[in-house]
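Peer 1: Structure file entry-v4.txt, compact mmCIF, C-alpha atoms, is pasted below:
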```
# COMPACT_ATOMS: atom_id res chain seq x y z
CA MET A 1 0.00 0.00 0.00
CA HIS A 2 2.76 2.41 0.93
CA LYS A 3 4.58 1.60 -2.32
CA LEU A 4 1.41 2.31 -4.32
CA VAL A 5 0.96 5.70 -2.63
CA LEU A 6 4.60 6.55 -3.33
CA ILE A 7 4.21 5.62 -7.01
CA LEU A 8 1.07 7.77 -7.34
CA ILE A 9 2.84 10.73 -5.74
CA CYS A 10 5.74 10.38 -8.16
CA MET A 11 3.35 10.12 -11.13
CA CYS A 12 1.57 13.31 -10.06
CA ALA A 13 4.86 15.12 -9.64
CA VAL A 14 6.14 14.37 -13.15
CA PRO A 15 3.88 16.84 -15.05
CA SER A 16 4.93 19.72 -12.80
CA PHE A 17 8.58 19.17 -13.76
CA ALA A 18 7.67 18.80 -17.42
CA GLN A 19 5.91 22.16 -17.55
CA THR A 20 8.02 25.05 -18.75
CA SER A 21 7.36 28.61 -17.70
CA THR A 22 6.53 31.17 -20.36
CA PRO A 23 9.57 33.33 -21.21
CA LYS A 24 9.22 36.73 -19.57
CA TYR A 25 10.35 39.86 -21.36
CA GLN A 26 11.82 42.61 -19.19
CA SER A 27 11.87 46.35 -19.69
CA GLY A 28 15.29 47.71 -20.62
CA THR A 29 16.78 51.03 -21.70
CA ILE A 30 19.28 51.52 -24.51
CA MET A 31 22.07 53.50 -22.86
CA ALA A 32 24.67 53.85 -25.61
CA VAL A 33 25.50 52.78 -29.17
CA ALA A 34 28.98 52.51 -30.69
CA ASN A 35 30.40 51.11 -33.92
CA HIS A 36 31.65 47.58 -33.34
CA GLN A 37 35.41 47.24 -33.51
CA ASN A 38 36.56 43.82 -34.69
CA ALA A 39 38.93 42.05 -32.35
CA PRO A 40 42.32 40.95 -33.71
CA GLY A 41 41.76 37.94 -35.93
CA GLU A 42 38.00 38.51 -36.11
CA ALA A 43 36.65 38.37 -39.65
CA ALA A 44 35.19 41.62 -40.92
CA SER A 45 31.47 41.57 -41.61
CA ALA A 46 29.89 42.95 -44.76
CA VAL A 47 27.18 44.50 -42.59
CA PRO A 48 28.30 47.15 -40.07
CA GLY A 49 27.74 46.05 -36.50
CA TYR A 50 27.05 48.05 -33.37
CA ASP A 51 27.91 47.54 -29.71
CA VAL A 52 24.64 48.41 -27.97
CA SER A 53 24.58 48.94 -24.20
CA VAL A 54 21.28 47.94 -22.61
CA LYS A 55 20.40 48.44 -18.93
CA ILE A 56 17.95 45.87 -17.56
CA GLY A 57 17.41 46.14 -13.83
CA ASN A 58 20.82 46.53 -12.23
CA VAL A 59 22.68 44.78 -15.06
CA LEU A 60 24.28 46.50 -18.05
CA TYR A 61 24.51 44.27 -21.13
CA VAL A 62 26.61 45.06 -24.20
CA ILE A 63 25.26 43.21 -27.23
CA LEU A 64 26.41 42.99 -30.83
CA PHE A 65 23.65 44.18 -33.15
CA ALA A 66 23.98 43.70 -36.91
CA PRO A 67 20.97 45.27 -38.70
CA ARG A 68 19.40 43.27 -41.48
CA ASN A 69 20.17 44.56 -44.97
CA GLY A 70 22.32 47.23 -43.35
CA VAL A 71 19.24 49.35 -42.62
CA SER A 72 19.07 50.57 -39.04
CA SER A 73 18.30 53.57 -36.89
CA VAL A 74 20.01 52.04 -33.85
CA GLU A 75 22.54 54.88 -33.71
CA TYR A 76 19.64 57.19 -32.84
CA SER A 77 18.26 54.88 -30.14
CA PRO A 78 19.93 55.84 -26.80
CA GLY A 79 17.26 56.57 -24.21
CA ILE A 80 14.63 54.35 -25.82
CA ASP A 81 12.88 51.76 -23.62
CA MET A 82 12.20 48.31 -25.08
CA LEU A 83 11.32 44.80 -23.93
CA PHE A 84 14.10 42.22 -23.88
CA LEU A 85 14.23 38.50 -23.22
CA VAL A 86 17.43 37.69 -21.35
CA GLY A 87 19.03 34.40 -22.34
CA LYS A 88 22.23 32.74 -21.23
CA ASP A 89 24.30 34.29 -24.01
CA THR A 90 21.79 36.43 -25.92
CA LEU A 91 19.23 39.21 -25.66
CA THR A 92 16.10 38.84 -27.77
CA PHE A 93 13.91 41.79 -28.75
CA ASN A 94 11.30 42.76 -31.32
CA SER A 95 11.91 45.55 -33.82
CA LYS A 96 9.70 46.96 -36.56
CA LEU A 97 12.69 46.95 -38.90
CA SER A 98 14.31 43.64 -38.02
CA GLY A 99 11.45 41.67 -36.47
CA THR A 100 12.34 39.26 -33.67
CA THR A 101 16.08 39.63 -33.23
CA GLU A 102 18.49 37.61 -31.11
CA ALA A 103 21.75 39.44 -30.40
CA PRO A 104 24.81 37.88 -28.75
CA ILE A 105 25.90 39.30 -25.40
CA LEU A 106 29.50 40.51 -25.60
CA ARG A 107 29.80 41.29 -21.91
CA ARG A 108 27.70 42.17 -18.90
CA GLU A 109 28.25 44.24 -15.78
CA VAL A 110 26.32 44.20 -12.52
CA LEU A 111 25.76 47.81 -11.50
CA SER A 112 25.83 48.98 -7.92
CA ALA A 113 22.38 48.69 -6.39
CA GLN A 114 20.41 51.93 -6.44
CA SER A 115 17.93 52.09 -3.59
CA THR A 116 17.06 55.64 -4.52
CA LEU A 117 15.58 57.46 -7.45
CA ASP A 118 17.63 59.79 -9.63
CA TRP A 119 15.95 63.00 -8.57
CA SER A 120 17.87 65.01 -11.17
CA LYS A 121 15.63 63.31 -13.75
CA ALA A 122 12.54 62.93 -11.60
CA ARG A 123 10.67 65.92 -12.96
CA SER A 124 10.53 64.57 -16.52
CA GLN A 125 10.75 60.83 -15.83
CA TYR A 126 8.99 60.44 -12.47
CA PHE A 127 6.41 57.90 -13.63
CA SER A 128 8.75 55.61 -15.59
CA MET A 129 11.35 55.69 -12.81
CA LYS A 130 8.80 55.01 -10.08
CA GLN A 131 7.23 52.13 -11.98
CA GLN A 132 10.59 50.50 -12.74
CA HIS A 133 11.93 51.14 -9.24
CA LEU A 134 8.90 49.65 -7.50
CA SER A 135 8.73 46.74 -9.92
CA GLU A 136 12.35 45.78 -9.19
CA ALA A 137 12.29 46.43 -5.44
CA LEU A 138 8.95 44.71 -4.77
CA ASP A 139 9.28 42.02 -7.46
CA LEU A 140 5.87 42.94 -8.90
CA THR A 141 4.04 40.70 -11.34
CA ASP A 142 2.77 42.11 -14.64
CA ASP A 143 -0.77 42.04 -13.21
CA GLN A 144 0.28 44.01 -10.13
CA GLN A 145 2.08 46.59 -12.26
CA SER A 146 -1.07 47.04 -14.33
CA LYS A 147 -3.25 47.49 -11.24
CA ILE A 148 -1.04 50.05 -9.48
CA LYS A 149 -0.41 52.04 -12.68
CA PRO A 150 -3.39 54.44 -12.17
CA ALA A 151 -2.17 55.27 -8.65
CA LEU A 152 1.35 55.97 -9.93
CA GLU A 153 0.05 58.12 -12.78
CA ARG A 154 -1.96 60.21 -10.34
CA GLU A 155 1.03 60.44 -8.00
CA THR A 156 3.18 61.59 -10.92
CA ALA A 157 0.87 64.44 -11.87
CA GLU A 158 0.46 65.72 -8.32
CA ALA A 159 4.12 65.25 -7.32
CA GLY A 160 5.23 67.57 -10.11
CA GLU A 161 2.82 70.26 -8.96
CA ILE A 162 4.19 70.01 -5.42
CA LEU A 163 7.94 69.40 -5.61
CA TRP A 164 8.74 71.89 -8.36
CA ASN A 165 6.30 74.61 -7.32
CA PRO A 166 8.40 77.73 -6.59
CA VAL A 167 5.57 79.34 -4.60
CA LEU A 168 5.29 76.66 -1.90
CA SER A 169 7.50 76.87 1.17
CA GLN A 170 9.87 74.04 2.10
CA LYS A 171 7.61 72.95 4.96
CA ASN A 172 4.47 73.10 2.84
CA LYS A 173 6.06 71.04 0.05
CA LEU A 174 7.07 68.29 2.43
CA ARG A 175 3.69 68.22 4.17
CA ARG A 176 1.76 68.01 0.90
CA TYR A 177 4.11 65.39 -0.52
CA GLU A 178 3.76 63.16 2.55
CA LYS A 179 -0.03 63.41 2.25
CA LEU A 180 0.17 62.52 -1.46
CA ILE A 181 2.36 59.46 -0.77
CA SER A 182 0.03 58.25 1.97
CA SER A 183 -2.94 58.51 -0.38
CA SER A 184 -1.06 56.78 -3.21
CA ASP A 185 0.05 53.92 -0.96
CA ALA A 186 -3.53 53.38 0.21
CA ARG A 187 -4.56 52.81 -3.42
CA MET A 188 -1.70 50.37 -4.08
CA LYS A 189 -1.71 48.28 -0.89
CA PRO A 190 -4.80 46.17 -1.79
CA PHE A 191 -2.82 44.72 -4.72
CA LEU A 192 0.34 43.93 -2.71
CA SER A 193 1.28 41.07 -0.42
CA GLN A 194 2.09 41.71 3.23
CA ASN A 195 5.79 41.31 2.49
CA GLN A 196 5.59 43.77 -0.43
CA VAL A 197 3.78 46.32 1.74
CA GLY A 198 6.60 46.10 4.28
CA LYS A 199 9.18 46.74 1.55
CA LEU A 200 7.09 49.62 0.20
CA MET A 201 7.02 51.31 3.61
CA GLU A 202 10.82 51.03 3.86
CA LEU A 203 11.21 52.52 0.38
CA ARG A 204 8.91 55.39 1.30
CA ARG A 205 11.00 56.17 4.39
CA GLN A 206 14.09 56.37 2.21
CA GLN A 207 12.20 58.46 -0.32
CA LYS A 208 11.08 60.91 2.35
CA ASP A 209 14.72 61.58 3.27
CA GLU A 210 15.56 62.04 -0.43
CA VAL A 211 12.72 64.51 -0.88
CA LYS A 212 13.91 66.50 2.11
CA ARG A 213 17.36 66.78 0.53
CA LEU A 214 15.84 67.74 -2.83
CA ILE A 215 13.74 70.50 -1.27
CA LEU A 216 16.73 71.76 0.71
CA GLU A 217 18.84 71.87 -2.47
CA GLN A 218 16.08 73.82 -4.23
CA THR A 219 15.95 76.31 -1.37
CA THR A 220 19.74 76.72 -1.31
CA ALA A 221 19.90 77.23 -5.08
CA LYS A 222 17.12 79.80 -4.88
CA GLU A 223 18.96 81.74 -2.17
CA ASP A 224 22.18 81.71 -4.22
```
Starting from the file, give its structure as structure tokens.

Peer 2:
Amino acid sequence: MHKLVLILICMCAVPSFAQTSTPKYQSGTIMAVANHQNAPGEAASAVPGYDVSVKIGNVLYVILFAPRNGVSSVEYSPGIDMLFLVGKDTLTFNSKLSGTTEAPILRREVLSAQSTLDWSKARSQYFSMKQQHLSEALDLTDDQQSKIKPALERETAEAGEILWNPVLSQKNKLRRYEKLISSSDARMKPFLSQNQVGKLMELRRQQKDEVKRLILEQTTAKED
């Protein structure tokens, strides 16, 4: 009897190992593009290649991209966000010009962890930075990202009106921003796990300190 139960358990377990998870594309940003320089002994290609630096999370990948038929606008691409599938030795992406493209990874570099936002860019890129930052820090699913998006969009609009308003005093900016964050978090919490909520609260504490420094810098610059 015990042997039969063991056999049934093993039979039930087999399908779970056989199932393969659907490949997940990740958001990445093209950081830089340079003409590819052939290494000594490397055969020259008829099609010009490019070394493209792509930042995905806290990893910077340099891939070799050779446009099909020599037609490409990749040299004009730095700053563009795209979706990439990270493989062992390749990055795969979809392009209107080249279709589904698999590019070899020349090298990769793990960047120092950034627990903070780049506030020098926050005014123009607040939403995209917040969404990416929260997604990475809280390990959000695609469904969670979709559900918290309205709250982040609203936070984006109101944060700009508060943080970069020259009329508001330092104290008033901070008070209004804290109220905005509290309201935004209340909208997002129903879609987060208890562990994610705890991480969110820690991120907000760090963010509050960053905002204080930002407001102080604005005040100092205004006085100068």

Peer 1: Select, counting all atoms listed in the file, all protein, DNA and RNA residues no farther than 12 Å from (10.7, 44.0, -10.0) in file coordinates, and express the selection as a ChimeraX atom specification.

Peer 2: /A:26-27,56-58,130-142,144-145,196,199

Peer 1: Would you mind telling me which residue in A:Glu217, A:Asp209, A:Asp81, A:Glu109 lies nearest to Glu178 in chain A when using all atoms listed in the file?

Peer 2: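 Counting all atoms listed in the file, the residue closest to Glu178 in chain A is A:Asp209.
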
Peer 1: Residues within 12 Å of Asn94 in chain A, please, as a count of residues only. Count all atoms listed in the file; anything in the same chain fewer than 4 positions from it doesn't count.

Peer 2: 12

Peer 1: List as a PDB file with C-alpha atoms, in the coordinates of the input the residues having at least one atom at most 12 Å from position (-3.8, 51.9, -0.2) as given in the file, counting only C-alpha atoms.

Peer 2:
```pdb
ATOM      1  CA  LYS A 147      -3.250  47.490 -11.240  1.00  0.00           C
ATOM      2  CA  ILE A 148      -1.040  50.050  -9.480  1.00  0.00           C
ATOM      3  CA  ALA A 151      -2.170  55.270  -8.650  1.00  0.00           C
ATOM      4  CA  LEU A 152       1.350  55.970  -9.930  1.00  0.00           C
ATOM      5  CA  LEU A 180       0.170  62.520  -1.460  1.00  0.00           C
ATOM      6  CA  ILE A 181       2.360  59.460  -0.770  1.00  0.00           C
ATOM      7  CA  SER A 182       0.030  58.250   1.970  1.00  0.00           C
ATOM      8  CA  SER A 183      -2.940  58.510  -0.380  1.00  0.00           C
ATOM      9  CA  SER A 184      -1.060  56.780  -3.210  1.00  0.00           C
ATOM     10  CA  ASP A 185       0.050  53.920  -0.960  1.00  0.00           C
ATOM     11  CA  ALA A 186      -3.530  53.380   0.210  1.00  0.00           C
ATOM     12  CA  ARG A 187      -4.560  52.810  -3.420  1.00  0.00           C
ATOM     13  CA  MET A 188      -1.700  50.370  -4.080  1.00  0.00           C
ATOM     14  CA  LYS A 189      -1.710  48.280  -0.890  1.00  0.00           C
ATOM     15  CA  PRO A 190      -4.800  46.170  -1.790  1.00  0.00           C
ATOM     16  CA  PHE A 191      -2.820  44.720  -4.720  1.00  0.00           C
ATOM     17  CA  LEU A 192       0.340  43.930  -2.710  1.00  0.00           C
ATOM     18  CA  SER A 193       1.280  41.070  -0.420  1.00  0.00           C
ATOM     19  CA  VAL A 197       3.780  46.320   1.740  1.00  0.00           C
ATOM     20  CA  LEU A 200       7.090  49.620   0.200  1.00  0.00           C
ATOM     21  CA  MET A 201       7.020  51.310   3.610  1.00  0.00           C
TER      22      MET A 201
END
```

Peer 1: Quick one: of A:Glu153, A:Leu216, A:Gln194, A:Thr90, who's nearest to Lys173 in chain A, counting all atoms listed in the file?

Peer 2: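 Among A:Glu153, A:Leu216, A:Gln194, A:Thr90, it is A:Leu216 that comes nearest to Lys173 in chain A.
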
Peer 1: What's the 8 Å shell around Phe65 in chain A, counting all atoms listed in the file, without same-chain residues fewer than 4 positions away, as a PyMOL selection string?

Peer 2: chain A and resi 49-52+103-104

Peer 1: Give me, please, the distance in Å between CA of Gly160 in chain A and CA of Arg213 in chain A, quoted to one decimal.

Peer 2: 16.2 Å

Peer 1: Of the residues A:Lys179, A:Tyr61, A:Glu202, A:Arg107, which is the one nearest to Glu158 in chain A, using only C-alpha atoms?

Peer 2: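 With only C-alpha atoms as the atom set, the closest residue is A:Lys179.
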
Peer 1: How many Å lie between CA of Ala157 in chain A and CA of Gln170 in chain A, rounded to one decimal?

Peer 2: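 Rounded to one decimal, the two atoms are 19.2 Å apart.
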
Peer 1: Have a look at CA of Asp143 in chain A and CA of Thr29 in chain A and let me know their distance in Å, one decimal.

Peer 2: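 Spanning CA of Asp143 in chain A to CA of Thr29 in chain A is a straight-line distance of 21.5 Å.
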
Peer 1: Rank A:Lys212, A:Lys96, A:Arg176, A:Arg108 by their smallest atom-to-atom distance to Val54 in chain A, using only C-alpha atoms, and report the top residue only.

Peer 2: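 Closest residue, counting only C-alpha atoms: A:Arg108.
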
Peer 1: Quick one: of A:Lys24, A:Pro48, A:Leu64, A:Arg175, who's nearest to Gly87 in chain A, counting all atoms listed in the file?

Peer 2: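 Looking at the shortest contact to Gly87 in chain A, the residue is A:Lys24.
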